[in-house]
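Colleague: There's a structure below that I have some questions on.
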Amino acid sequence: MTIILSMIIVILVGMIIVQALNRRSHRMQLRHLRSEVERISSLATHEKLLLMTDDRELQSLLMEINRLLGAQHQMYSDYAKMEMSMKKMVSNISHDLKTPLTVVLGYIEMLHLDPAMHADERERVLGKVYAKTQETLALIHDFFDLAKLESGDRDIPMTRILMNERCSTTILDYYDILTEKGYLVHIEIPEHPIYGFGNDEALHRVLNNLISNSIQYGSHGKQLGLTLREDESSVYVDIWDRGKGIDAMHIDHVFERMYTLEDSRNKSYQGSGLGLTITKRLVESMGGSIHLRSNPYELTVFTVQLKKVQY
């Protein structure tokens, strides 16, 4: 009996020792994890936590911590990109504001220094002052429009849009300009009604931006087209030209704020670098998407996709 009791006591003591060692091991592992999390968080590195353990609960904890670390790193990365983008945007807008304002000041100085200037010349100079002032106001409006779109402060009520009418009206507004410039215009709009879900004013601005962009950068091909099409769930508007297009290396960047490389099309507003960015934000605010494909000097197509509404 004594031997049995002794064996039981030894076994119990062994179990207690094993549990104590396990608890100590867990404490050491948790301290190590805490230390590593603090280090990785403070340095904002791409590292993940690694720990060899058979404890399934601890494994689950590691997976969750690594997921949170990944989310934190992505947040830091997004913030850094946004900060860099904002600095670039402020710098470029400052430059773009300075240029027309400098011209305006130059013209005003001419008027001030030559009070006897001939009436016709004075009228010409005042016309240039007016044009440059309008250009500056347009840039400022673009900046605030983009700020409102990105902050969600701009209310865009959604409704059913007769796409046939919106497309035909918008392209016809440019018909005289296109004819004067010698463009061959292709318009493909089905006769049966096609309805999209969006905001008519926003869509009008989107189409205006894209058509103006194609006129500015598609002059080499002297062709411009608008195609309205549909499938079971979406409506599509293609604005295309056969101009110099976009090189493949730039396609993923043309909708970025202030992307103003020499071959970029993102300067549809007097060089503001905001035109296509505003276009993309407007389309997205209507629950749609915009895509670009380009084969330089052959075919460049901007496609706006919106949700289809049954009639």
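Just so we're on the same page: first chain in the structure tokens is A, next is B, and so on; residues restart at 1 for each chain, and ligands are numbered from 1 in the order they show up.
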Just list the residues in stretch 70-291 of chain A DSSP gives strand (DSSP E) on the backbone, as a PyMOL selection string.
Modeller: chain A and resi 159-162+184-188+195-198+223-230+234-241+289-291
Colleague: Write to file, as a compact mmCIF listing (two decimals), in the first residue's frame, the residues of the selection just made, with N, CA, C and O atoms.
Modeller:
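Resulting contents of part-v9.txt:
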# COMPACT_ATOMS: atom_id res chain seq x y z
N THR A 159 -29.84 58.29 -59.99
CA THR A 159 -31.12 58.11 -60.64
C THR A 159 -30.94 57.32 -61.93
O THR A 159 -29.82 56.96 -62.30
N ARG A 160 -32.05 57.06 -62.63
CA ARG A 160 -31.98 56.37 -63.91
C ARG A 160 -31.64 57.37 -65.01
O ARG A 160 -32.22 58.45 -65.08
N ILE A 161 -30.66 57.03 -65.85
CA ILE A 161 -30.21 57.92 -66.93
C ILE A 161 -30.47 57.24 -68.27
O ILE A 161 -30.10 56.08 -68.46
N LEU A 162 -31.08 57.98 -69.19
CA LEU A 162 -31.23 57.49 -70.56
C LEU A 162 -29.90 57.69 -71.26
O LEU A 162 -29.56 58.81 -71.67
N LEU A 184 -12.60 62.76 -88.22
CA LEU A 184 -13.63 61.83 -88.67
C LEU A 184 -14.29 61.27 -87.42
O LEU A 184 -13.63 60.65 -86.59
N VAL A 185 -15.59 61.50 -87.26
CA VAL A 185 -16.29 61.15 -86.03
C VAL A 185 -17.12 59.89 -86.25
O VAL A 185 -17.88 59.78 -87.21
N HIS A 186 -16.97 58.94 -85.33
CA HIS A 186 -17.74 57.69 -85.38
C HIS A 186 -18.65 57.64 -84.15
O HIS A 186 -18.17 57.69 -83.02
N ILE A 187 -19.94 57.54 -84.37
CA ILE A 187 -20.90 57.48 -83.27
C ILE A 187 -21.73 56.21 -83.43
O ILE A 187 -22.39 56.01 -84.45
N GLU A 188 -21.67 55.36 -82.42
CA GLU A 188 -22.45 54.11 -82.42
C GLU A 188 -23.34 54.09 -81.18
O GLU A 188 -22.88 53.74 -80.09
N TYR A 195 -30.70 52.25 -70.33
CA TYR A 195 -30.69 53.04 -69.10
C TYR A 195 -29.55 52.59 -68.18
O TYR A 195 -29.31 51.39 -68.00
N GLY A 196 -28.87 53.59 -67.62
CA GLY A 196 -27.83 53.31 -66.64
C GLY A 196 -28.18 53.97 -65.31
O GLY A 196 -29.00 54.90 -65.25
N PHE A 197 -27.54 53.51 -64.26
CA PHE A 197 -27.78 54.05 -62.92
C PHE A 197 -26.62 54.96 -62.56
O PHE A 197 -25.47 54.52 -62.49
N GLY A 198 -26.91 56.24 -62.35
CA GLY A 198 -25.85 57.18 -62.03
C GLY A 198 -26.39 58.57 -61.79
O GLY A 198 -27.54 58.75 -61.42
N GLN A 223 -9.25 60.94 -85.76
CA GLN A 223 -10.48 60.17 -85.63
C GLN A 223 -10.86 60.10 -84.16
O GLN A 223 -10.01 59.97 -83.29
N LEU A 224 -12.16 60.19 -83.92
CA LEU A 224 -12.66 60.09 -82.56
C LEU A 224 -14.00 59.37 -82.59
O LEU A 224 -14.81 59.61 -83.49
N GLY A 225 -14.21 58.50 -81.63
CA GLY A 225 -15.45 57.73 -81.62
C GLY A 225 -16.09 57.63 -80.26
O GLY A 225 -15.41 57.73 -79.22
N LEU A 226 -17.40 57.45 -80.27
CA LEU A 226 -18.16 57.17 -79.05
C LEU A 226 -19.06 55.98 -79.33
O LEU A 226 -19.82 55.98 -80.30
N THR A 227 -18.96 54.97 -78.50
CA THR A 227 -19.76 53.75 -78.65
C THR A 227 -20.51 53.47 -77.36
O THR A 227 -19.90 53.44 -76.29
N LEU A 228 -21.82 53.29 -77.47
CA LEU A 228 -22.65 52.90 -76.33
C LEU A 228 -23.06 51.45 -76.51
O LEU A 228 -23.57 51.07 -77.57
N ARG A 229 -22.80 50.64 -75.51
CA ARG A 229 -23.14 49.22 -75.59
C ARG A 229 -23.60 48.72 -74.22
O ARG A 229 -23.52 49.45 -73.23
N GLU A 230 -24.07 47.48 -74.18
CA GLU A 230 -24.64 46.94 -72.94
C GLU A 230 -24.48 45.43 -72.89
O GLU A 230 -24.22 44.77 -73.90
N SER A 234 -24.66 45.58 -67.12
CA SER A 234 -23.93 46.85 -67.18
C SER A 234 -24.14 47.57 -68.51
O SER A 234 -24.50 46.95 -69.52
N VAL A 235 -23.90 48.88 -68.48
CA VAL A 235 -23.84 49.68 -69.70
C VAL A 235 -22.41 50.20 -69.83
O VAL A 235 -21.74 50.46 -68.83
N TYR A 236 -21.96 50.37 -71.07
CA TYR A 236 -20.58 50.79 -71.32
C TYR A 236 -20.56 51.94 -72.33
O TYR A 236 -21.31 51.91 -73.32
N VAL A 237 -19.72 52.92 -72.05
CA VAL A 237 -19.47 53.99 -73.01
C VAL A 237 -17.98 53.99 -73.33
O VAL A 237 -17.15 54.15 -72.43
N ASP A 238 -17.66 53.78 -74.61
CA ASP A 238 -16.27 53.81 -75.07
C ASP A 238 -16.00 55.13 -75.76
O ASP A 238 -16.72 55.52 -76.69
N ILE A 239 -14.97 55.83 -75.32
CA ILE A 239 -14.47 57.03 -76.01
C ILE A 239 -13.11 56.68 -76.55
O ILE A 239 -12.20 56.34 -75.79
N TRP A 240 -12.96 56.71 -77.88
CA TRP A 240 -11.71 56.24 -78.46
C TRP A 240 -11.16 57.19 -79.50
O TRP A 240 -11.87 58.03 -80.05
N ASP A 241 -9.87 57.07 -79.74
CA ASP A 241 -9.19 57.85 -80.78
C ASP A 241 -8.02 57.04 -81.31
O ASP A 241 -7.70 55.97 -80.80
N SER A 289 -16.99 51.96 -62.91
CA SER A 289 -15.53 51.82 -63.05
C SER A 289 -15.12 52.37 -64.40
O SER A 289 -15.95 52.50 -65.32
N ILE A 290 -13.85 52.72 -64.52
CA ILE A 290 -13.31 53.23 -65.78
C ILE A 290 -12.02 52.49 -66.10
O ILE A 290 -11.22 52.21 -65.20
N HIS A 291 -11.86 52.14 -67.36
CA HIS A 291 -10.70 51.35 -67.78
C HIS A 291 -10.08 51.99 -69.02
O HIS A 291 -10.75 52.68 -69.79
Colleague: Give the alpha helix (DSSP H) residues of stretch 71-246 of chain A, as assigned by DSSP on the backbone, as a PyMOL selection string.
Modeller: chain A and resi 71-113+119-151+163-172+175-180+200-217
Colleague: List the spatial neighbours of A:Tyr130 as a PDB file with N, CA, C and O atoms, in the first residue's frame - criterion: any atom at most 12 Å away, only C-alpha atoms, same-chain residues fewer than 5 positions off excluded.
Modeller:
ATOM      1  N   PRO A 100       0.037  81.145 -64.277  1.00  0.00           N
ATOM      2  CA  PRO A 100      -0.920  82.108 -64.838  1.00  0.00           C
ATOM      3  C   PRO A 100      -0.982  83.407 -64.045  1.00  0.00           C
ATOM      4  O   PRO A 100      -1.202  84.478 -64.636  1.00  0.00           O
ATOM      5  N   LEU A 101      -0.792  83.335 -62.716  1.00  0.00           N
ATOM      6  CA  LEU A 101      -0.828  84.562 -61.928  1.00  0.00           C
ATOM      7  C   LEU A 101       0.330  85.481 -62.291  1.00  0.00           C
ATOM      8  O   LEU A 101       0.184  86.710 -62.305  1.00  0.00           O
ATOM      9  N   VAL A 103       1.674  85.678 -65.250  1.00  0.00           N
ATOM     10  CA  VAL A 103       1.294  86.264 -66.539  1.00  0.00           C
ATOM     11  C   VAL A 103       0.300  87.397 -66.329  1.00  0.00           C
ATOM     12  O   VAL A 103       0.408  88.476 -66.935  1.00  0.00           O
ATOM     13  N   VAL A 104      -0.700  87.156 -65.459  1.00  0.00           N
ATOM     14  CA  VAL A 104      -1.706  88.185 -65.174  1.00  0.00           C
ATOM     15  C   VAL A 104      -1.038  89.440 -64.612  1.00  0.00           C
ATOM     16  O   VAL A 104      -1.339  90.567 -65.035  1.00  0.00           O
ATOM     17  N   LEU A 105      -0.128  89.259 -63.666  1.00  0.00           N
ATOM     18  CA  LEU A 105       0.572  90.404 -63.079  1.00  0.00           C
ATOM     19  C   LEU A 105       1.383  91.154 -64.134  1.00  0.00           C
ATOM     20  O   LEU A 105       1.475  92.385 -64.112  1.00  0.00           O
ATOM     21  N   TYR A 107       0.662  91.405 -67.388  1.00  0.00           N
ATOM     22  CA  TYR A 107      -0.269  92.189 -68.209  1.00  0.00           C
ATOM     23  C   TYR A 107      -0.775  93.420 -67.447  1.00  0.00           C
ATOM     24  O   TYR A 107      -0.908  94.515 -68.020  1.00  0.00           O
ATOM     25  N   ILE A 108      -1.074  93.247 -66.163  1.00  0.00           N
ATOM     26  CA  ILE A 108      -1.557  94.372 -65.358  1.00  0.00           C
ATOM     27  C   ILE A 108      -0.475  95.451 -65.264  1.00  0.00           C
ATOM     28  O   ILE A 108      -0.760  96.660 -65.324  1.00  0.00           O
ATOM     29  N   GLU A 123      -7.784  96.385 -74.991  1.00  0.00           N
ATOM     30  CA  GLU A 123      -8.819  95.358 -75.010  1.00  0.00           C
ATOM     31  C   GLU A 123      -8.211  93.968 -75.179  1.00  0.00           C
ATOM     32  O   GLU A 123      -8.651  92.991 -74.556  1.00  0.00           O
ATOM     33  N   ARG A 124      -7.176  93.860 -76.017  1.00  0.00           N
ATOM     34  CA  ARG A 124      -6.505  92.581 -76.240  1.00  0.00           C
ATOM     35  C   ARG A 124      -5.833  92.103 -74.954  1.00  0.00           C
ATOM     36  O   ARG A 124      -5.943  90.911 -74.578  1.00  0.00           O
ATOM     37  N   VAL A 125      -5.148  93.014 -74.262  1.00  0.00           N
ATOM     38  CA  VAL A 125      -4.460  92.650 -73.027  1.00  0.00           C
ATOM     39  C   VAL A 125      -5.467  92.243 -71.942  1.00  0.00           C
ATOM     40  O   VAL A 125      -5.266  91.253 -71.224  1.00  0.00           O
ATOM     41  N   GLU A 135      -8.501  80.492 -66.219  1.00  0.00           N
ATOM     42  CA  GLU A 135      -7.680  79.286 -66.118  1.00  0.00           C
ATOM     43  C   GLU A 135      -7.301  79.007 -64.672  1.00  0.00           C
ATOM     44  O   GLU A 135      -7.362  77.852 -64.209  1.00  0.00           O
ATOM     45  N   THR A 136      -6.958  80.062 -63.933  1.00  0.00           N
ATOM     46  CA  THR A 136      -6.599  79.901 -62.527  1.00  0.00           C
ATOM     47  C   THR A 136      -7.798  79.448 -61.704  1.00  0.00           C
ATOM     48  O   THR A 136      -7.684  78.553 -60.851  1.00  0.00           O
ATOM     49  N   LEU A 137      -8.964  80.033 -61.959  1.00  0.00           N
ATOM     50  CA  LEU A 137     -10.176  79.641 -61.242  1.00  0.00           C
ATOM     51  C   LEU A 137     -10.540  78.183 -61.526  1.00  0.00           C
ATOM     52  O   LEU A 137     -10.964  77.451 -60.627  1.00  0.00           O
TER      53      LEU A 137
END
Colleague: Rank nothing, just name the residue among A:Thr102, A:Gln134, A:Ser294, A:Asn199 nearest to A:Gly218, using only C-alpha atoms.
Modeller: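 Among the listed residues, the smallest separation from A:Gly218 belongs to A:Ser294.
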Colleague: Residues at most 7 Å from A:Pro296, counting only C-alpha atoms, excluding those fewer than 6 positions away in the same chain, as a PyMOL selection string?
Modeller: chain A and resi 243-247
